[in-house]
>>> print(open('protein-v8.tsv').read())   # TSV, C-alpha atoms
chain	number	residue	atom	x	y	z
A	1	MET	CA	161.37	-32.70	128.22
A	2	GLN	CA	158.98	-30.41	126.43
A	3	THR	CA	160.28	-26.86	126.33
A	4	SER	CA	157.69	-25.18	124.14
A	5	THR	CA	153.98	-25.46	123.54
A	6	ASP	CA	152.84	-26.52	120.08
A	7	TYR	CA	149.87	-24.64	118.79
A	8	GLY	CA	147.78	-25.69	115.84
A	9	TYR	CA	148.16	-28.85	113.83
A	10	ASN	CA	150.71	-31.36	115.00
A	11	SER	CA	151.08	-34.31	112.60
A	12	LYS	CA	152.90	-36.44	115.17
A	13	ILE	CA	149.91	-36.35	117.49
A	14	GLU	CA	146.96	-35.92	115.15
A	15	GLY	CA	148.09	-37.77	112.06
A	16	ASP	CA	147.27	-36.63	108.49
A	17	VAL	CA	143.79	-35.45	109.35
A	18	VAL	CA	142.37	-31.93	109.53
A	19	VAL	CA	139.00	-31.47	111.10
A	20	THR	CA	136.97	-28.37	110.25
A	21	ARG	CA	133.52	-27.26	109.17
A	22	VAL	CA	132.63	-26.93	105.48
A	23	ASP	CA	131.46	-23.37	106.08
A	24	ALA	CA	134.80	-22.42	107.55
A	25	ALA	CA	136.77	-24.13	104.78
A	26	ILE	CA	134.78	-22.48	101.97
A	27	ASN	CA	134.92	-19.08	103.64
A	28	TRP	CA	138.65	-19.50	104.22
A	29	CYS	CA	139.08	-20.04	100.48
A	30	ARG	CA	136.83	-17.10	99.61
A	31	LYS	CA	138.31	-14.56	101.93
A	32	GLN	CA	141.89	-15.14	100.79
A	33	SER	CA	141.15	-14.21	97.19
A	34	LEU	CA	138.65	-11.38	97.09
A	35	TRP	CA	139.10	-10.07	93.59
A	36	PRO	CA	138.14	-6.40	93.42
A	37	MET	CA	136.05	-4.62	90.84
A	38	PRO	CA	137.79	-1.21	90.93
A	39	MET	CA	134.94	1.26	90.60
A	40	GLY	CA	137.35	4.22	90.41
A	41	LEU	CA	135.31	7.39	89.99
A	42	ALA	CA	137.48	10.15	91.46
A	43	CYS	CA	140.67	10.84	93.41
A	44	CYS	CA	140.12	7.89	95.78
A	45	ALA	CA	141.00	5.72	92.78
A	46	ILE	CA	144.56	7.08	92.97
A	47	GLU	CA	144.85	5.78	96.53
A	48	LEU	CA	143.33	2.52	95.35
A	49	MET	CA	146.10	2.29	92.75
A	50	ALA	CA	148.66	3.03	95.46
A	51	ALA	CA	147.18	0.21	97.54
A	52	GLY	CA	147.76	-2.09	94.58
A	53	ALA	CA	151.32	-0.92	93.94
A	54	SER	CA	154.48	-2.30	95.51
A	55	LYS	CA	154.69	-0.12	98.63
A	56	PHE	CA	151.33	-1.14	100.07
A	57	ASP	CA	150.85	-4.29	97.98
A	58	ILE	CA	147.26	-5.42	98.32
A	59	SER	CA	148.35	-8.83	96.99
A	60	ARG	CA	149.53	-9.65	100.53
A	61	PHE	CA	145.82	-10.08	101.25
A	62	GLY	CA	144.94	-11.89	98.04
A	63	SER	CA	143.20	-8.99	96.33
A	64	GLU	CA	145.73	-8.01	93.71
A	65	VAL	CA	143.67	-9.22	90.77
A	66	MET	CA	141.83	-6.04	89.79
A	67	ARG	CA	139.08	-7.27	87.49
A	68	PHE	CA	137.71	-4.68	85.12
A	69	SER	CA	135.03	-7.19	84.25
A	70	PRO	CA	132.29	-7.43	86.89
A	71	ARG	CA	131.70	-11.08	86.01
A	72	GLN	CA	135.07	-12.12	87.43
A	73	SER	CA	135.07	-10.07	90.60
A	74	ASP	CA	134.01	-10.58	94.20
A	75	VAL	CA	134.17	-7.19	95.87
A	76	MET	CA	133.31	-3.83	94.33
A	77	ILE	CA	135.47	-1.02	95.69
A	78	VAL	CA	133.51	2.17	95.04
A	79	ALA	CA	136.36	4.70	95.09
A	80	GLY	CA	135.14	8.20	94.47
A	81	THR	CA	132.21	10.52	93.92
A	82	VAL	CA	129.11	8.82	92.59
A	83	THR	CA	127.14	11.32	90.53
A	84	TYR	CA	123.50	10.77	89.71
A	85	LYS	CA	124.52	10.40	86.09
A	86	MET	CA	126.78	7.47	87.07
A	87	ALA	CA	124.53	5.98	89.76
A	88	LEU	CA	122.50	3.58	87.66
A	89	ALA	CA	125.65	2.49	85.82
A	90	VAL	CA	127.21	1.56	89.18
A	91	ARG	CA	124.06	-0.35	90.07
A	92	ARG	CA	124.14	-2.14	86.72
A	93	ILE	CA	127.77	-3.21	87.17
A	94	TYR	CA	126.94	-4.44	90.68
A	95	ASP	CA	124.04	-6.45	89.28
A	96	GLN	CA	126.40	-8.09	86.78
A	97	MET	CA	128.74	-9.37	89.51
A	98	PRO	CA	128.19	-13.04	90.41
A	99	GLU	CA	127.20	-14.04	93.92
A	100	PRO	CA	128.65	-14.00	96.49
A	101	LYS	CA	129.62	-10.35	96.27
A	102	TRP	CA	130.57	-7.58	98.62
A	103	VAL	CA	130.99	-3.80	98.46
A	104	ILE	CA	133.53	-1.46	100.05
A	105	ALA	CA	132.54	2.23	100.01
A	106	MET	CA	135.93	3.92	99.92
A	107	GLY	CA	136.10	7.51	101.11
A	108	ALA	CA	133.67	10.18	102.21
A	109	CYS	CA	132.02	10.66	98.81
A	110	ALA	CA	131.11	7.04	98.24
A	111	SER	CA	129.97	6.68	101.87
A	112	THR	CA	127.86	9.82	102.26
A	113	GLY	CA	128.32	12.15	99.29
A	114	GLY	CA	131.19	13.79	101.15
A	115	MET	CA	131.56	17.50	100.69
A	116	TYR	CA	129.22	17.47	97.71
A	117	ARG	CA	125.84	18.51	99.10
A	118	SER	CA	124.69	19.10	95.61
A	119	TYR	CA	122.06	18.51	92.96
A	120	ALA	CA	124.49	16.31	91.03
A	121	VAL	CA	125.92	13.87	93.60
A	122	LEU	CA	124.37	10.74	95.08
A	123	GLN	CA	124.41	11.10	98.87
A	124	GLY	CA	126.02	7.75	99.65
A	125	VAL	CA	126.28	4.73	97.40
A	126	ASP	CA	124.39	2.66	100.00
A	127	SER	CA	121.15	4.08	98.67
A	128	ILE	CA	121.55	1.98	95.50
A	129	ILE	CA	123.73	-1.00	96.54
A	130	PRO	CA	124.35	-2.74	99.89
A	131	VAL	CA	127.66	-1.70	101.45
A	132	ASP	CA	129.66	-4.02	103.71
A	133	VAL	CA	132.50	-1.75	104.81
A	134	TYR	CA	132.72	2.04	104.86
A	135	VAL	CA	136.15	3.68	104.80
A	136	ALA	CA	136.51	7.18	106.22
A	137	GLY	CA	138.91	9.68	104.69
A	138	CYS	CA	139.13	12.17	101.86
A	139	PRO	CA	140.82	10.30	100.31
A	140	PRO	CA	141.61	7.43	102.73
A	141	ARG	CA	145.21	6.29	103.01
A	142	PRO	CA	145.99	2.94	101.35
A	143	GLU	CA	146.44	1.46	104.84
A	144	ALA	CA	142.82	2.36	105.58
A	145	LEU	CA	141.70	0.47	102.50
A	146	LEU	CA	143.80	-2.54	103.55
A	147	ASP	CA	142.20	-2.34	106.98
A	148	ALA	CA	138.78	-2.32	105.36
A	149	LEU	CA	139.77	-5.36	103.31
A	150	ILE	CA	140.84	-7.23	106.45
A	151	LYS	CA	137.57	-6.27	108.14
A	152	LEU	CA	135.72	-7.60	105.10
A	153	GLN	CA	137.74	-10.83	105.26
A	154	ASN	CA	136.70	-11.27	108.88
A	155	LYS	CA	133.11	-10.71	107.87
A	156	VAL	CA	133.38	-13.23	105.02
A	157	GLN	CA	134.88	-15.79	107.41
A	158	GLN	CA	131.81	-15.59	109.65
A	159	GLU	CA	129.17	-15.84	106.94
A	160	PRO	CA	127.06	-19.00	106.85
A	161	VAL	CA	127.46	-20.71	103.50
A	162	LEU	CA	125.46	-23.92	103.73
A	163	ALA	CA	122.89	-22.85	106.28
A	164	ALA	CA	121.52	-20.14	104.01
B	1	MET	CA	148.39	49.03	75.34
B	2	ALA	CA	147.86	46.86	72.28
B	3	SER	CA	144.77	45.02	73.51
B	4	PHE	CA	143.10	48.35	74.28
B	5	GLU	CA	143.85	49.63	70.77
B	6	LEU	CA	142.45	46.49	69.18
B	7	ALA	CA	139.34	46.88	71.31
B	8	GLN	CA	139.01	50.48	70.13
B	9	GLN	CA	139.23	49.30	66.51
B	10	LEU	CA	136.45	46.81	67.14
B	11	GLN	CA	134.32	49.44	68.85
B	12	ALA	CA	134.84	51.88	65.96
B	13	ARG	CA	133.67	49.26	63.46
B	14	PHE	CA	130.42	48.59	65.35
B	15	ALA	CA	130.00	51.98	67.03
B	16	ASP	CA	126.19	51.71	66.96
B	17	VAL	CA	126.02	48.67	69.27
B	18	LEU	CA	129.36	48.51	71.09
B	19	THR	CA	130.25	50.64	74.11
B	20	GLY	CA	133.63	50.90	75.72
B	21	PRO	CA	136.26	49.63	75.80
B	22	VAL	CA	136.67	49.83	79.56
B	23	GLU	CA	140.14	49.06	80.85
B	24	PHE	CA	140.67	47.47	84.25
B	25	ARG	CA	144.10	46.19	85.31
B	26	GLY	CA	145.22	45.88	81.71
B	27	GLU	CA	142.14	43.98	80.56
B	28	ALA	CA	139.80	45.47	77.97
B	29	THR	CA	136.06	44.88	78.18
B	30	ILE	CA	133.51	45.83	75.53
B	31	LYS	CA	129.75	45.70	75.99
B	32	LEU	CA	127.45	44.73	73.16
B	33	ALA	CA	123.99	46.28	73.35
B	34	ASP	CA	122.29	43.97	70.86
B	35	ALA	CA	122.95	40.30	71.57
B	36	ALA	CA	121.52	39.34	68.20
B	37	ARG	CA	124.66	40.71	66.52
B	38	ILE	CA	127.19	38.75	68.59
B	39	SER	CA	128.21	36.40	65.78
B	40	GLU	CA	128.76	39.33	63.41
B	41	VAL	CA	130.96	41.14	65.94
B	42	CYS	CA	132.89	37.96	66.73
B	43	ALA	CA	133.43	37.20	63.05
B	44	PHE	CA	134.99	40.64	62.57
B	45	ALA	CA	137.14	40.22	65.68
B	46	LYS	CA	138.44	36.93	64.36
B	47	ASP	CA	138.92	37.76	60.69
B	48	SER	CA	140.15	41.36	60.89
B	49	LEU	CA	141.62	41.64	64.39
B	50	SER	CA	143.18	38.16	64.57
B	51	TYR	CA	141.39	37.01	67.71
B	52	ASP	CA	141.77	33.44	66.55
B	53	LEU	CA	141.13	31.70	69.87
B	54	LEU	CA	137.93	31.69	71.91
B	55	LEU	CA	139.15	30.93	75.44
B	56	ASP	CA	135.77	30.61	77.12
B	57	ILE	CA	132.14	31.59	77.13
B	58	THR	CA	130.52	32.09	80.52
B	59	SER	CA	127.11	33.23	81.65
B	60	ILE	CA	125.87	35.19	84.65
B	61	ASP	CA	122.43	35.00	86.25
B	62	ASN	CA	121.52	38.52	87.44
B	63	TYR	CA	118.51	37.14	89.27
B	64	GLY	CA	115.91	39.79	90.05
B	65	GLU	CA	117.27	42.24	87.48
B	66	ASP	CA	116.34	42.87	83.91
B	67	PRO	CA	117.90	41.70	81.61
B	68	ARG	CA	118.51	38.55	83.60
B	69	TRP	CA	121.37	36.95	81.67
B	70	THR	CA	124.85	38.20	80.90
B	71	VAL	CA	126.94	36.17	78.45
B	72	VAL	CA	130.69	36.79	78.51
B	73	TYR	CA	133.09	35.90	75.69
B	74	GLU	CA	136.83	35.68	76.40
B	75	LEU	CA	138.84	36.20	73.20
B	76	TYR	CA	142.55	35.75	72.64
B	77	GLY	CA	144.87	36.17	69.66
B	78	THR	CA	147.70	33.66	69.52
B	79	GLY	CA	149.55	35.93	67.06
B	80	HIS	CA	149.47	39.20	68.99
B	81	GLY	CA	148.88	37.78	72.46
B	82	CYS	CA	146.08	40.19	73.35
B	83	HIS	CA	142.93	39.40	75.28
B	84	LEU	CA	139.47	40.87	74.82
B	85	ARG	CA	136.32	40.42	76.88
B	86	LEU	CA	132.94	40.82	75.21
B	87	LYS	CA	129.82	41.11	77.34
B	88	THR	CA	126.23	41.08	76.18
B	89	HIS	CA	122.88	40.95	77.94
B	90	VAL	CA	119.96	38.66	77.17
B	91	SER	CA	116.50	39.07	78.63
B	92	GLU	CA	114.75	36.21	80.37
B	93	GLU	CA	111.85	36.35	77.89
B	94	ARG	CA	114.16	35.80	74.91
B	95	SER	CA	116.80	33.59	76.61
B	96	GLU	CA	118.48	33.06	73.25
B	97	LEU	CA	121.21	34.58	71.13
B	98	PRO	CA	123.04	33.57	67.95
B	99	THR	CA	125.71	30.90	68.10
B	100	VAL	CA	129.38	31.67	67.44
B	101	THR	CA	130.21	28.10	66.43
B	102	CYS	CA	130.31	29.36	62.84
B	103	VAL	CA	133.22	31.64	63.90
B	104	TRP	CA	135.11	29.38	66.32
B	105	ARG	CA	134.26	25.68	66.24
B	106	GLY	CA	135.50	25.47	69.82
B	107	ALA	CA	132.42	27.37	70.96
B	108	ASP	CA	130.41	24.17	70.53
B	109	TRP	CA	130.87	22.69	73.99
B	110	HIS	CA	130.97	26.07	75.75
B	111	GLU	CA	127.52	26.87	74.38
B	112	ARG	CA	126.22	23.43	75.24
B	113	GLU	CA	127.41	23.87	78.81
B	114	ILE	CA	125.67	27.24	79.13
B	115	TYR	CA	122.50	25.74	77.70
B	116	ASP	CA	122.77	22.83	80.15
B	117	MET	CA	123.43	24.87	83.28
B	118	MET	CA	121.56	28.14	82.59
B	119	GLY	CA	119.03	27.32	79.90
B	120	ILE	CA	120.15	30.00	77.46
B	121	ARG	CA	119.66	28.76	73.92
B	122	PHE	CA	122.07	29.44	71.05
B	123	VAL	CA	120.26	29.87	67.75
B	124	GLY	CA	122.00	28.11	64.87
B	125	HIS	CA	123.98	25.70	67.05
B	126	SER	CA	124.08	22.41	65.19
B	127	ASP	CA	123.89	20.13	68.25
B	128	LEU	CA	122.44	21.97	71.25
B	129	ARG	CA	122.10	19.09	73.70
B	130	ARG	CA	122.88	18.90	77.40
B	131	ILE	CA	126.55	18.17	78.04
B	132	LEU	CA	126.87	17.47	81.81
B	133	MET	CA	123.38	16.49	82.88
B	134	TRP	CA	121.50	13.81	80.96
B	135	ASP	CA	118.95	14.33	78.21
B	136	GLY	CA	115.56	14.64	79.84
B	137	TYR	CA	116.74	16.35	83.05
B	138	PRO	CA	114.07	19.03	83.51
B	139	TYR	CA	115.94	21.85	85.30
B	140	PHE	CA	118.82	24.27	84.77
B	141	PRO	CA	120.82	23.82	87.97
B	142	LEU	CA	123.08	26.88	87.97
B	143	ARG	CA	120.20	29.34	87.89
B	144	LYS	CA	119.95	31.39	91.06
B	145	ASP	CA	116.38	30.26	91.73
B	146	PHE	CA	117.41	26.57	91.64
B	147	PRO	CA	117.92	25.28	95.19
B	148	LEU	CA	121.45	24.31	96.22
B	149	ALA	CA	120.22	20.92	97.41
B	150	GLY	CA	118.66	20.08	94.06
B	151	LYS	CA	115.18	18.88	93.21
B	152	PRO	CA	113.78	15.36	92.99
B	153	THR	CA	113.55	13.92	89.51
B	154	ASP	CA	113.18	10.44	88.11
B	155	LEU	CA	113.81	9.32	84.57
B	156	PRO	CA	113.45	5.51	84.58
B	157	ASP	CA	116.53	3.60	83.35
B	158	VAL	CA	118.46	6.85	82.86
B	159	ALA	CA	118.96	8.66	86.14
B	160	PHE	CA	117.24	9.96	89.24
B	161	THR	CA	118.01	12.78	91.65
B	162	LYS	CA	117.03	13.51	95.23
B	163	PRO	CA	117.48	16.69	97.27
B	164	ALA	CA	120.70	16.61	99.28
B	165	PRO	CA	120.41	16.98	103.06
B	166	LEU	CA	121.68	20.39	104.15
B	167	GLU	CA	121.73	20.10	107.93
B	168	GLY	CA	122.96	23.38	109.30
B	169	GLY	CA	123.41	24.68	105.80
B	170	PRO	CA	123.47	25.76	103.10
B	171	PHE	CA	126.86	27.33	103.58
B	172	VAL	CA	126.37	30.20	101.19
B	173	THR	CA	128.13	33.45	100.43
B	174	ALA	CA	126.21	36.71	100.50
B	175	ALA	CA	127.16	39.42	98.04
B	176	GLY	CA	127.44	43.02	99.20
B	177	GLY	CA	128.15	42.34	102.86
B	178	LYS	CA	129.84	45.11	104.82
B	179	ASP	CA	132.68	42.94	106.16
B	180	SER	CA	134.15	39.52	105.48
B	181	ILE	CA	132.03	37.96	108.25
B	182	ALA	CA	128.91	38.98	106.36
B	183	ARG	CA	130.31	37.89	102.99
B	184	GLU	CA	132.05	34.58	103.55
B	185	PRO	CA	130.27	31.20	103.42
B	186	ARG	CA	128.21	30.65	106.53
B	187	VAL	CA	125.06	28.92	107.63
B	188	ARG	CA	122.20	30.95	106.24
B	189	THR	CA	118.67	29.93	105.54
B	190	PRO	CA	117.70	30.65	101.94
B	191	GLU	CA	115.15	33.29	102.97
B	192	GLN	CA	117.77	35.52	104.59
>>> encode(input="protein-v8.tsv", output="structure tokens")
Amino acid sequence: MQTSTDYGYNSKIEGDVVVTRVDAAINWCRKQSLWPMPMGLACCAIELMAAGASKFDISRFGSEVMRFSPRQSDVMIVAGTVTYKMALAVRRIYDQMPEPKWVIAMGACASTGGMYRSYAVLQGVDSIIPVDVYVAGCPPRPEALLDALIKLQNKVQQEPVLAA
Amino acid sequence: MASFELAQQLQARFADVLTGPVEFRGEATIKLADAARISEVCAFAKDSLSYDLLLDITSIDNYGEDPRWTVVYELYGTGHGCHLRLKTHVSEERSELPTVTCVWRGADWHEREIYDMMGIRFVGHSDLRRILMWDGYPYFPLRKDFPLAGKPTDLPDVAFTKPAPLEGGPFVTAAGGKDSIAREPRVRTPEQ
């Protein structure tokens, strides 16, 4: 007598076959290893480091490989205040990242300029590069960054790969 | 007080241009009437009075007054442990005074910062470029007549700027208010 319900793949019933869509399979691979480009520009970068360290451990979500080369990275985490002097450098690094690529704006400064209503600070990094996820906080807790990463993974999972 | 005595010695040496020293809470301040002689005064302070360390150079924009600029030198002697503050005024028409990099090499970046933010030039400085903003930025952003939000600029392939939105702001302080409510940062339109 059956006492529990089997969810998911059952090899006794379905055999050695998995049926899925190519889009879903490719996105599943992509979203589990989003390698970050750590664009650490201010104090948010300290929280980004904490998210990478053992207590919060971003490697649980496949993003532990911080690539300081844009050519090997998938997601740029803009962590900190983007000054006008730095703005075109950020844009240039983004341009050097291979497709597909995503951007997390971490913290108030990267999202909107934060408390710096000033001649020197770009009022939100989304005016030079497209942002996928904004993280509130000054600086955000590492959990907030992990939450943003999971939100980005959900977004990646739903993107059409072949239809585009 | 040793720092006061050292300041008196300096004043006695250049009695024609130096006034003071004024003492306030143990700190001695001397005013220099002729900014063109600042390097000469500083050289004496370093060589004969052992003020071997230049802590800082700052500048003040007395907007609406003449002379417009005040340049402040903070001196310190690591041997005797005494401080000295030297102040001198520069008019807006001149906007320049001699460098003290020939006295203290550490003055290099201080003077570059003042040039960058206020637009006061230091004659004889070997490398008077901008230090915080980029070469080619057309304004001096810490001047009082420069808007808090900034001004639009565009230097292709180098940098651009746009005015920052100041909804409900700018949150500015007002000097000379009667009480703290009038003085502390609050929403004020620039005309007020």
>>> closest_atom_pairs(input="protein-v8.tsv", of="range 35-149 of chain B", to="range 111-135 of chain A", cutoff="8 Å", atoms="all atoms listed in the file", output="Markdown table")
| residue | atom | partner | partner_atom | distance |
| --- | --- | --- | --- | --- |
| B:Pro141 | CA | A:Tyr119 | CA | 7.4 |
| B:Leu148 | CA | A:Ser118 | CA | 6.2 |
| B:Ala149 | CA | A:Ser118 | CA | 5.2 |
>>> residues_around(input="protein-v8.tsv", residues="range 51-61 of chain A", least_positions_apart="5", cutoff="12 Å", atoms="all atoms listed in the file", output="short mmCIF file (atom, residue, chain, number, x, y, z; two decimals) with C-alpha atoms, keeping the file's coordinate frame")
data_model
loop_
_atom_site.label_atom_id
_atom_site.label_comp_id
_atom_site.auth_asym_id
_atom_site.auth_seq_id
_atom_site.Cartn_x
_atom_site.Cartn_y
_atom_site.Cartn_z
CA ARG A 30 136.83 -17.10 99.61
CA LYS A 31 138.31 -14.56 101.93
CA GLN A 32 141.89 -15.14 100.79
CA SER A 33 141.15 -14.21 97.19
CA LEU A 34 138.65 -11.38 97.09
CA TRP A 35 139.10 -10.07 93.59
CA PRO A 36 138.14 -6.40 93.42
CA PRO A 38 137.79 -1.21 90.93
CA CYS A 44 140.12 7.89 95.78
CA ALA A 45 141.00 5.72 92.78
CA ILE A 46 144.56 7.08 92.97
CA MET A 66 141.83 -6.04 89.79
CA ILE A 77 135.47 -1.02 95.69
CA ALA A 79 136.36 4.70 95.09
CA PRO A 140 141.61 7.43 102.73
CA ARG A 141 145.21 6.29 103.01
CA PRO A 142 145.99 2.94 101.35
CA GLU A 143 146.44 1.46 104.84
CA ALA A 144 142.82 2.36 105.58
CA LEU A 145 141.70 0.47 102.50
CA LEU A 146 143.80 -2.54 103.55
CA ASP A 147 142.20 -2.34 106.98
CA ALA A 148 138.78 -2.32 105.36
CA LEU A 149 139.77 -5.36 103.31
CA ILE A 150 140.84 -7.23 106.45
CA LYS A 151 137.57 -6.27 108.14
CA LEU A 152 135.72 -7.60 105.10
CA GLN A 153 137.74 -10.83 105.26
CA ASN A 154 136.70 -11.27 108.88
#
>>> atom_distance(input="protein-v8.tsv", atom1="CA of Ala2 in chain B", atom2="CA of Glu40 in chain B")
22.4 Å
>>> residues_around(input="protein-v8.tsv", residues="range 20-25 of chain A", least_positions_apart="6", cutoff="8 Å", atoms="all atoms listed in the file", output="list in words")
Gln157, Gln158, Glu159, Pro160, Val161 and Leu162 of chain A
>>> residues_near_point(input="protein-v8.tsv", point="(142.0, 43.4, 75.9)", cutoff="12 Å", atoms="all atoms listed in the file", output="NGL selection string")
:B and (1-10 or 20-30 or 45 or 49 or 51 or 73-77 or 80-86)
>>> closest_atom_pairs(input="protein-v8.tsv", of="chain B", to="chain A", cutoff="8 Å", atoms="all atoms listed in the file", output="tab-separated table")
residue	atom	partner	partner_atom	distance
B:Met133	CA	A:Lys85	CA	7.0
B:Trp134	CA	A:Lys85	CA	6.9
B:Pro141	CA	A:Tyr119	CA	7.4
B:Leu148	CA	A:Ser118	CA	6.2
B:Ala149	CA	A:Ser118	CA	5.2
B:Gly150	CA	A:Tyr119	CA	3.9
B:Lys151	CA	A:Tyr119	CA	6.9
B:Asp157	CA	A:Leu88	CA	7.4
B:Val158	CA	A:Leu88	CA	7.1
B:Ala159	CA	A:Lys85	CA	5.8
B:Phe160	CA	A:Tyr84	CA	6.3
B:Thr161	CA	A:Tyr84	CA	6.2
B:Lys162	CA	A:Tyr119	CA	7.4
B:Pro163	CA	A:Tyr119	CA	6.5
B:Ala164	CA	A:Arg117	CA	5.5
B:Pro165	CA	A:Arg117	CA	6.9
B:Leu166	CA	A:Arg117	CA	6.8
>>> atom_distance(input="protein-v8.tsv", atom1="CA of Pro67 in chain B", atom2="CA of Thr88 in chain B")
10.0 Å
>>> atom_distance(input="protein-v8.tsv", atom1="CA of Ala105 in chain A", atom2="CA of Gly62 in chain A")
18.9 Å
>>> closest_residue(input="protein-v8.tsv", among="B:Gln11, B:Thr78, B:Ser59, B:Ser50", to="Leu142 in chain B", atoms="all atoms listed in the file")
B:Ser59
>>> residues_around(input="protein-v8.tsv", residues="Gly40 in chain A", least_positions_apart="6", cutoff="10 Å", atoms="all atoms listed in the file", output="list in words")
Ile46, Glu47, Leu48, Met49, Met76, Ile77, Val78, Ala79, Gly80, Thr81, Val82 and Met106 of chain A
>>> write_last_selection(input="protein-v8.tsv", atoms="C-alpha atoms", output="PDB file, keeping the file's coordinate frame")
ATOM      1  CA  ILE A  46     144.560   7.080  92.970  1.00  0.00           C
ATOM      2  CA  GLU A  47     144.850   5.780  96.530  1.00  0.00           C
ATOM      3  CA  LEU A  48     143.330   2.520  95.350  1.00  0.00           C
ATOM      4  CA  MET A  49     146.100   2.290  92.750  1.00  0.00           C
ATOM      5  CA  MET A  76     133.310  -3.830  94.330  1.00  0.00           C
ATOM      6  CA  ILE A  77     135.470  -1.020  95.690  1.00  0.00           C
ATOM      7  CA  VAL A  78     133.510   2.170  95.040  1.00  0.00           C
ATOM      8  CA  ALA A  79     136.360   4.700  95.090  1.00  0.00           C
ATOM      9  CA  GLY A  80     135.140   8.200  94.470  1.00  0.00           C
ATOM     10  CA  THR A  81     132.210  10.520  93.920  1.00  0.00           C
ATOM     11  CA  VAL A  82     129.110   8.820  92.590  1.00  0.00           C
ATOM     12  CA  MET A 106     135.930   3.920  99.920  1.00  0.00           C
TER      13      MET A 106
END
>>> residues_around(input="protein-v8.tsv", residues="Asp34 in chain B", least_positions_apart="3", cutoff="8 Å", atoms="only C-alpha atoms", output="ChimeraX atom specification")
/B:17,37-38,88-89
>>> residues_around(input="protein-v8.tsv", residues="range 112-119 of chain B", least_positions_apart="2", cutoff="6 Å", atoms="all atoms listed in the file", output="ChimeraX atom specification")
/B:109-110,121,128,130-131,140-143
>>> build_atoms(input="protein-v8.tsv", residues="range 105-109 of chain A", atoms="all heavy atoms", output="JSON list (two decimals), keeping the file's coordinate frame")
[["chain", "number", "residue", "atom", "x", "y", "z"],
["A", 105, "ALA", "N", 132.71, 0.82, 100.37],
["A", 105, "ALA", "CA", 132.54, 2.23, 100.01],
["A", 105, "ALA", "C", 133.78, 2.96, 100.49],
["A", 105, "ALA", "O", 133.98, 3.14, 101.69],
["A", 105, "ALA", "CB", 131.28, 2.82, 100.64],
["A", 106, "MET", "N", 134.64, 3.34, 99.55],
["A", 106, "MET", "CA", 135.93, 3.92, 99.92],
["A", 106, "MET", "C", 135.84, 5.44, 99.89],
["A", 106, "MET", "O", 135.59, 6.04, 98.85],
["A", 106, "MET", "CB", 137.00, 3.44, 98.93],
["A", 106, "MET", "CG", 138.39, 3.97, 99.22],
["A", 106, "MET", "SD", 139.56, 3.42, 97.98],
["A", 106, "MET", "CE", 141.04, 4.23, 98.58],
["A", 107, "GLY", "N", 136.04, 6.05, 101.05],
["A", 107, "GLY", "CA", 136.10, 7.51, 101.11],
["A", 107, "GLY", "C", 134.77, 8.15, 101.45],
["A", 107, "GLY", "O", 133.71, 7.53, 101.43],
["A", 108, "ALA", "N", 134.84, 9.43, 101.75],
["A", 108, "ALA", "CA", 133.67, 10.18, 102.21],
["A", 108, "ALA", "C", 132.60, 10.26, 101.13],
["A", 108, "ALA", "O", 131.40, 10.13, 101.42],
["A", 108, "ALA", "CB", 134.09, 11.58, 102.65],
["A", 109, "CYS", "N", 133.01, 10.47, 99.88],
["A", 109, "CYS", "CA", 132.02, 10.66, 98.81],
["A", 109, "CYS", "C", 131.18, 9.41, 98.60],
["A", 109, "CYS", "O", 129.96, 9.47, 98.53],
["A", 109, "CYS", "CB", 132.71, 11.03, 97.50],
["A", 109, "CYS", "SG", 133.43, 12.66, 97.52]]
